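S.K.: Here you go, one structure.
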There are 2 protein chains.
Amino acid sequence: MIRKAEAADFDAIWPLLHDVFRAGDTYAVDPAISKEDALRYWTGGVACYVVEDARGIIGTYYIKTNQAGGGAHICNCGYIVAPAARGQGLAAKMCVHSQNAARALGYLAMQFNFVLASNTGAVQLWHRLGFTTVGTIPDAFAHPAQGFVDAYVMHKRLSD
Amino acid sequence: MIRKAEAADFDAIWPLLHDVFRAGDTYAVDPAISKEDALRYWTGGVACYVVEDARGIIGTYYIKTNQAGGGAHICNCGYIVAPAARGQGLAAKMCVHSQNAARALGYLAMQFNFVLASNTGAVQLWHRLGFTTVGTIPDAFAHPAQGFVDAYVMHKRLSD
């Protein structure tokens with residue numbers, strides 16, 4: 001059900017990215033980003049996975065190296081669930097899968113650089129999955145409905 | 001003394017970048033980065049400045065937009081002082097200059113994403129210049145001499 005994305009999946013991944021980026025209320029991405037740039041942003045990292053069922057691709061996540069040089073032992077991930085597949089625990093499943101994939105790649109920790117305080121479901125989920133809030137950037141994001149909201153830096157060690 | 005960098009300055013900027021990146025103990029940049037990639041990293045943002053005196057270019061800094069989309073009102077900067085010009089307050093001068101330049105560009109805040117705890121001089125300087133530590137990423141950087149060290153996220157509002 002969760003497998004590595006291939007180039008043949010890109011046309012099915014794009015609608016998921018498009019919905020979330022155009023809304024402009026969760027990711028720090030230009031809402032007007034092109035399909036090409038969005039796919040490069042999402043699939044151009046170290047690994048990209050998709051979640052597939054009878055309906056097609058219903059979720060996707062990426063793994064990137066968060067910083068170069070001496071910071072390259074920490075990865076960053078992003079997750080998107082298709083609207084029709086929300087509320088079924090898919091983000092949690094992808095996050096657990098991504099932690100195992102990141103461990104297999106040799107990463108020692110996972111970091112989310114920009115979790116919006118307004119995205120309360122995500123904040124709660126990441127806490128439940130063992131992430132710690134290690135930073136709070138004040139008024140980091142101009143939310144289209146809520147004005148300036150804080151963003152959290154969240155972190156989890158992948159090794160003991 | 002502080003002016004915008006031009007393409008003709010790039011050959012004089014490169015030795016400053018080379019020294020710092022090759023040392024691999026302050027910036028999260030691959031120590032083996034090429035001249036071309038290093039110059040793109042340093043000069044490819046919104047603005048790049050150099051500090052010049054009779055000796056030539058003795059310092060340089062950049063301004064970038066730190067996050068896209070709803071995060072684009074916060075900038076990021078990086079500063080390098082030539083070895084021969086250290087200990088003379090040049091980093092502070094560049095930082096104050098960059099805050100004014102960033103205000104003129106419309107940024108509402110400045111953020112440093114990755115200030116190493118081992119870089120105590122920088123941490124003290126940024127605090128003295130009004131930056132607040134808003135995050136601490138544990139063991140964020142594999143320091144060549146000190147092993148894993150924490151990195152701070154530091155932030156300063158540029159408007160009232």
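Simple scheme: letters A, B, ... for chains in structure tokens order, numbers from 1 for residues in each chain, numbers from 1 for ligands in the order shown.
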List every residue of chain A that has an atom at most 10 Å from any atom of chain B, giving for each one its closest atom pair and the distance in Å to one decimal, counting only C-alpha atoms, sorted by chain and then by ascending residue number, as JSON lines.
M.R.:
```
{"residue": "A:Phe21", "atom": "CA", "partner": "B:Gly69", "partner_atom": "CA", "distance": 8.9}
{"residue": "A:Arg22", "atom": "CA", "partner": "B:Gly69", "partner_atom": "CA", "distance": 9.9}
{"residue": "A:Gly24", "atom": "CA", "partner": "B:Gly70", "partner_atom": "CA", "distance": 7.0}
{"residue": "A:Asp25", "atom": "CA", "partner": "B:Gly70", "partner_atom": "CA", "distance": 7.7}
{"residue": "A:Thr26", "atom": "CA", "partner": "B:Gly70", "partner_atom": "CA", "distance": 8.7}
{"residue": "A:Tyr27", "atom": "CA", "partner": "B:Gly69", "partner_atom": "CA", "distance": 7.8}
{"residue": "A:Ala28", "atom": "CA", "partner": "B:Gly69", "partner_atom": "CA", "distance": 5.0}
{"residue": "A:Val29", "atom": "CA", "partner": "B:Gly69", "partner_atom": "CA", "distance": 4.5}
{"residue": "A:Asp30", "atom": "CA", "partner": "B:Gly69", "partner_atom": "CA", "distance": 3.9}
{"residue": "A:Pro31", "atom": "CA", "partner": "B:Gly69", "partner_atom": "CA", "distance": 6.3}
{"residue": "A:Ala32", "atom": "CA", "partner": "B:Gly69", "partner_atom": "CA", "distance": 8.7}
{"residue": "A:Ile33", "atom": "CA", "partner": "B:Gly69", "partner_atom": "CA", "distance": 9.2}
{"residue": "A:Asn66", "atom": "CA", "partner": "B:Ala28", "partner_atom": "CA", "distance": 9.6}
{"residue": "A:Gln67", "atom": "CA", "partner": "B:Ala28", "partner_atom": "CA", "distance": 5.8}
{"residue": "A:Ala68", "atom": "CA", "partner": "B:Val29", "partner_atom": "CA", "distance": 4.9}
{"residue": "A:Gly69", "atom": "CA", "partner": "B:Asp30", "partner_atom": "CA", "distance": 3.9}
{"residue": "A:Gly70", "atom": "CA", "partner": "B:Ala142", "partner_atom": "CA", "distance": 4.6}
{"residue": "A:Gly71", "atom": "CA", "partner": "B:Phe141", "partner_atom": "CA", "distance": 4.6}
{"residue": "A:Ala72", "atom": "CA", "partner": "B:Phe141", "partner_atom": "CA", "distance": 7.9}
{"residue": "A:His73", "atom": "CA", "partner": "B:Ala140", "partner_atom": "CA", "distance": 8.0}
{"residue": "A:Ile74", "atom": "CA", "partner": "B:Ala140", "partner_atom": "CA", "distance": 7.2}
{"residue": "A:Leu108", "atom": "CA", "partner": "B:Asp139", "partner_atom": "CA", "distance": 9.7}
{"residue": "A:Ala109", "atom": "CA", "partner": "B:Ala140", "partner_atom": "CA", "distance": 8.9}
{"residue": "A:Gln111", "atom": "CA", "partner": "B:Ile137", "partner_atom": "CA", "distance": 8.8}
{"residue": "A:Asn113", "atom": "CA", "partner": "B:Asn113", "partner_atom": "CA", "distance": 9.4}
{"residue": "A:Phe114", "atom": "CA", "partner": "B:Gln67", "partner_atom": "CA", "distance": 9.1}
{"residue": "A:Thr133", "atom": "CA", "partner": "B:Gly135", "partner_atom": "CA", "distance": 8.7}
{"residue": "A:Val134", "atom": "CA", "partner": "B:Gly135", "partner_atom": "CA", "distance": 5.5}
{"residue": "A:Gly135", "atom": "CA", "partner": "B:Gly135", "partner_atom": "CA", "distance": 3.6}
{"residue": "A:Thr136", "atom": "CA", "partner": "B:Val134", "partner_atom": "CA", "distance": 5.7}
{"residue": "A:Ile137", "atom": "CA", "partner": "B:Val134", "partner_atom": "CA", "distance": 6.2}
{"residue": "A:Pro138", "atom": "CA", "partner": "B:Val134", "partner_atom": "CA", "distance": 8.3}
{"residue": "A:Asp139", "atom": "CA", "partner": "B:Gly71", "partner_atom": "CA", "distance": 8.9}
{"residue": "A:Ala140", "atom": "CA", "partner": "B:Gly71", "partner_atom": "CA", "distance": 5.8}
{"residue": "A:Phe141", "atom": "CA", "partner": "B:Gly71", "partner_atom": "CA", "distance": 4.6}
{"residue": "A:Ala142", "atom": "CA", "partner": "B:Gly70", "partner_atom": "CA", "distance": 4.6}
{"residue": "A:His143", "atom": "CA", "partner": "B:Gly70", "partner_atom": "CA", "distance": 6.4}
{"residue": "A:Pro144", "atom": "CA", "partner": "B:Gly70", "partner_atom": "CA", "distance": 8.1}
{"residue": "A:Gly147", "atom": "CA", "partner": "B:Gly70", "partner_atom": "CA", "distance": 9.7}
{"residue": "A:Phe148", "atom": "CA", "partner": "B:Gly70", "partner_atom": "CA", "distance": 8.8}
{"residue": "A:Val149", "atom": "CA", "partner": "B:Gly70", "partner_atom": "CA", "distance": 9.7}
{"residue": "A:Ala151", "atom": "CA", "partner": "B:Gly71", "partner_atom": "CA", "distance": 9.4}
{"residue": "A:Tyr152", "atom": "CA", "partner": "B:Gly135", "partner_atom": "CA", "distance": 8.8}
{"residue": "A:Val153", "atom": "CA", "partner": "B:Gly135", "partner_atom": "CA", "distance": 7.3}
{"residue": "A:Met154", "atom": "CA", "partner": "B:Ile137", "partner_atom": "CA", "distance": 8.7}
{"residue": "A:His155", "atom": "CA", "partner": "B:Ile137", "partner_atom": "CA", "distance": 7.5}
{"residue": "A:Lys156", "atom": "CA", "partner": "B:Pro138", "partner_atom": "CA", "distance": 9.6}
{"residue": "A:Arg157", "atom": "CA", "partner": "B:Pro138", "partner_atom": "CA", "distance": 9.1}
```
S.K.: With N, CA and C atoms retained, export the selected residues as a compact mmCIF listing (two decimals), in the first residue's frame.
M.R.:
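So the final result, stored in out.txt, reads:
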```txt
# COMPACT_ATOMS: atom_id res chain seq x y z
N PHE A 21 -1.03 23.20 -1.72
CA PHE A 21 -0.21 24.40 -1.94
C PHE A 21 -1.10 25.59 -2.32
N ARG A 22 -2.11 25.36 -3.18
CA ARG A 22 -3.00 26.45 -3.58
C ARG A 22 -3.74 27.04 -2.38
N GLY A 24 -2.63 27.33 0.56
CA GLY A 24 -1.67 28.25 1.19
C GLY A 24 -1.83 28.39 2.69
N ASP A 25 -2.34 27.36 3.35
CA ASP A 25 -2.56 27.48 4.79
C ASP A 25 -1.84 26.44 5.62
N THR A 26 -0.94 25.68 4.99
CA THR A 26 -0.15 24.72 5.79
C THR A 26 1.34 24.71 5.40
N TYR A 27 1.64 24.70 4.12
CA TYR A 27 3.05 24.64 3.69
C TYR A 27 3.56 26.04 3.33
N ALA A 28 4.84 26.27 3.62
CA ALA A 28 5.49 27.52 3.22
C ALA A 28 5.96 27.40 1.78
N VAL A 29 4.98 27.35 0.89
CA VAL A 29 5.21 27.21 -0.55
C VAL A 29 4.37 28.27 -1.23
N ASP A 30 4.91 28.87 -2.29
CA ASP A 30 4.15 29.85 -3.06
C ASP A 30 2.87 29.20 -3.58
N PRO A 31 1.68 29.72 -3.22
CA PRO A 31 0.43 29.10 -3.69
C PRO A 31 0.33 29.04 -5.22
N ALA A 32 1.08 29.88 -5.91
CA ALA A 32 1.04 29.89 -7.38
C ALA A 32 2.13 29.01 -7.99
N ILE A 33 2.75 28.16 -7.19
CA ILE A 33 3.85 27.32 -7.70
C ILE A 33 3.38 26.49 -8.90
N ASN A 66 17.95 17.47 5.81
CA ASN A 66 17.50 18.79 6.24
C ASN A 66 18.56 19.88 6.13
N GLN A 67 19.81 19.53 6.42
CA GLN A 67 20.91 20.48 6.28
C GLN A 67 22.09 19.73 5.66
N ALA A 68 22.93 20.43 4.95
CA ALA A 68 24.10 19.81 4.34
C ALA A 68 25.25 19.75 5.34
N GLY A 69 26.39 19.25 4.90
CA GLY A 69 27.60 19.23 5.72
C GLY A 69 27.37 18.57 7.06
N GLY A 70 27.77 19.23 8.14
CA GLY A 70 27.65 18.67 9.48
C GLY A 70 26.24 18.47 9.97
N GLY A 71 25.26 18.94 9.23
CA GLY A 71 23.86 18.76 9.62
C GLY A 71 23.14 17.66 8.86
N ALA A 72 23.89 16.88 8.07
CA ALA A 72 23.27 15.95 7.12
C ALA A 72 22.75 14.66 7.75
N HIS A 73 22.89 14.52 9.07
CA HIS A 73 22.38 13.31 9.74
C HIS A 73 20.93 13.47 10.19
N ILE A 74 20.34 14.64 9.93
CA ILE A 74 18.93 14.87 10.27
C ILE A 74 18.13 15.02 8.98
N LEU A 108 19.80 9.98 11.82
CA LEU A 108 19.76 9.83 13.27
C LEU A 108 18.58 10.56 13.91
N ALA A 109 17.97 11.47 13.15
CA ALA A 109 16.82 12.22 13.68
C ALA A 109 15.99 12.75 12.52
N GLN A 111 13.33 16.03 11.53
CA GLN A 111 12.95 17.38 11.95
C GLN A 111 11.90 17.96 11.02
N ASN A 113 10.52 21.58 10.08
CA ASN A 113 11.01 22.94 10.26
C ASN A 113 9.92 23.97 10.46
N PHE A 114 8.68 23.61 10.08
CA PHE A 114 7.70 24.67 9.93
C PHE A 114 6.28 24.10 10.08
N THR A 133 8.49 19.60 20.42
CA THR A 133 8.60 20.95 19.90
C THR A 133 9.88 21.57 20.45
N VAL A 134 10.85 21.83 19.56
CA VAL A 134 12.14 22.36 20.01
C VAL A 134 12.31 23.84 19.67
N GLY A 135 11.32 24.41 19.00
CA GLY A 135 11.39 25.83 18.68
C GLY A 135 10.03 26.38 18.33
N THR A 136 9.86 27.69 18.55
CA THR A 136 8.62 28.38 18.18
C THR A 136 9.00 29.70 17.52
N ILE A 137 8.71 29.81 16.24
CA ILE A 137 9.03 31.03 15.51
C ILE A 137 7.80 31.93 15.53
N PRO A 138 7.91 33.10 16.17
CA PRO A 138 6.72 33.94 16.34
C PRO A 138 6.25 34.54 15.01
N ASP A 139 4.94 34.51 14.81
CA ASP A 139 4.33 35.14 13.62
C ASP A 139 5.05 34.73 12.34
N ALA A 140 5.35 33.44 12.24
CA ALA A 140 6.19 32.96 11.13
C ALA A 140 5.45 32.85 9.81
N PHE A 141 4.10 32.82 9.86
CA PHE A 141 3.34 32.49 8.65
C PHE A 141 2.12 33.39 8.55
N ALA A 142 1.93 33.95 7.36
CA ALA A 142 0.75 34.77 7.09
C ALA A 142 -0.37 33.85 6.62
N HIS A 143 -1.19 33.42 7.57
CA HIS A 143 -2.27 32.49 7.27
C HIS A 143 -3.40 33.24 6.57
N PRO A 144 -3.96 32.67 5.50
CA PRO A 144 -4.97 33.42 4.72
C PRO A 144 -6.22 33.77 5.52
N GLY A 147 -4.47 35.33 9.87
CA GLY A 147 -3.39 36.31 10.04
C GLY A 147 -2.10 35.61 10.43
N PHE A 148 -1.19 36.35 11.07
CA PHE A 148 0.10 35.76 11.41
C PHE A 148 -0.05 34.70 12.50
N VAL A 149 0.50 33.54 12.22
CA VAL A 149 0.49 32.44 13.20
C VAL A 149 1.92 31.98 13.42
N ALA A 151 5.03 29.26 13.99
CA ALA A 151 5.41 27.96 13.44
C ALA A 151 6.33 27.25 14.43
N TYR A 152 6.15 25.95 14.54
CA TYR A 152 6.97 25.15 15.46
C TYR A 152 8.06 24.41 14.69
N VAL A 153 9.22 24.26 15.32
CA VAL A 153 10.23 23.32 14.87
C VAL A 153 10.06 22.08 15.73
N MET A 154 9.84 20.93 15.08
CA MET A 154 9.60 19.69 15.83
C MET A 154 10.66 18.66 15.45
N HIS A 155 11.03 17.83 16.42
CA HIS A 155 12.21 16.98 16.28
C HIS A 155 11.98 15.64 16.97
N LYS A 156 12.50 14.58 16.37
CA LYS A 156 12.47 13.26 17.01
C LYS A 156 13.77 12.52 16.70
N ARG A 157 14.41 11.98 17.74
CA ARG A 157 15.57 11.11 17.51
C ARG A 157 15.08 9.78 16.95
```
S.K.: Using only C-alpha atoms, which protein or nucleic acid residues come within 9 Å of stretch 91-103 of chain B? Drop anything in the same chain fewer than 5 positions from it, and give the result as number ranges by chain.
M.R.: B: 2, 47, 49-51, 59-63, 75, 77-81, 86, 108-110, 122, 125-126, 129, 158-159
S.K.: When DSSP works through the backbone of this structure, what residues of stretch 100-132 of chain B end up as strand (DSSP E), shown as an MDAnalysis selection string?
M.R.: chainID B and resid 109:116 132
S.K.: Quote the spacing between atom CA of B:Glu6 and atom CA of B:Ala104 in Å to one decimal place.
M.R.: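 Between these atoms lies a distance of 19.5 Å.
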S.K.: Please compute the atom CA of A:Leu16-atom CA of A:Gln146 distance, one decimal, in Å.
M.R.: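 Calculated distance between atom CA of A:Leu16 and atom CA of A:Gln146 is 23.0 Å.
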S.K.: Give me, as a list in words, the residues of stretch 8-80 of chain B that a backbone DSSP run labels alpha helix (DSSP H).
M.R.: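 Across stretch 8-80 of chain B, those assigned alpha helix (DSSP H) are Phe10, Asp11, Ala12, Ile13, Trp14, Pro15, Leu16, Leu17, His18, Asp19, Val20, Phe21, Arg22, Ala23, Lys35, Glu36, Asp37, Ala38, Leu39, Arg40, Tyr41, Trp42 and Thr43 of chain B.
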S.K.: Would you pick out the contacts of A:Ile13 at 9 Å or less, using only C-alpha atoms, so that residues sharing its chain but fewer than 4 positions from it are not included, and give the list as a PyMOL selection string?
M.R.: chain A and resi 5+9+17-18+39+50+57-60
S.K.: Pick the closest to A:Arg3 from A:Ala23, A:Leu105, A:Cys48, A:Leu116: which is it, counting only C-alpha atoms?
M.R.: A:Cys48
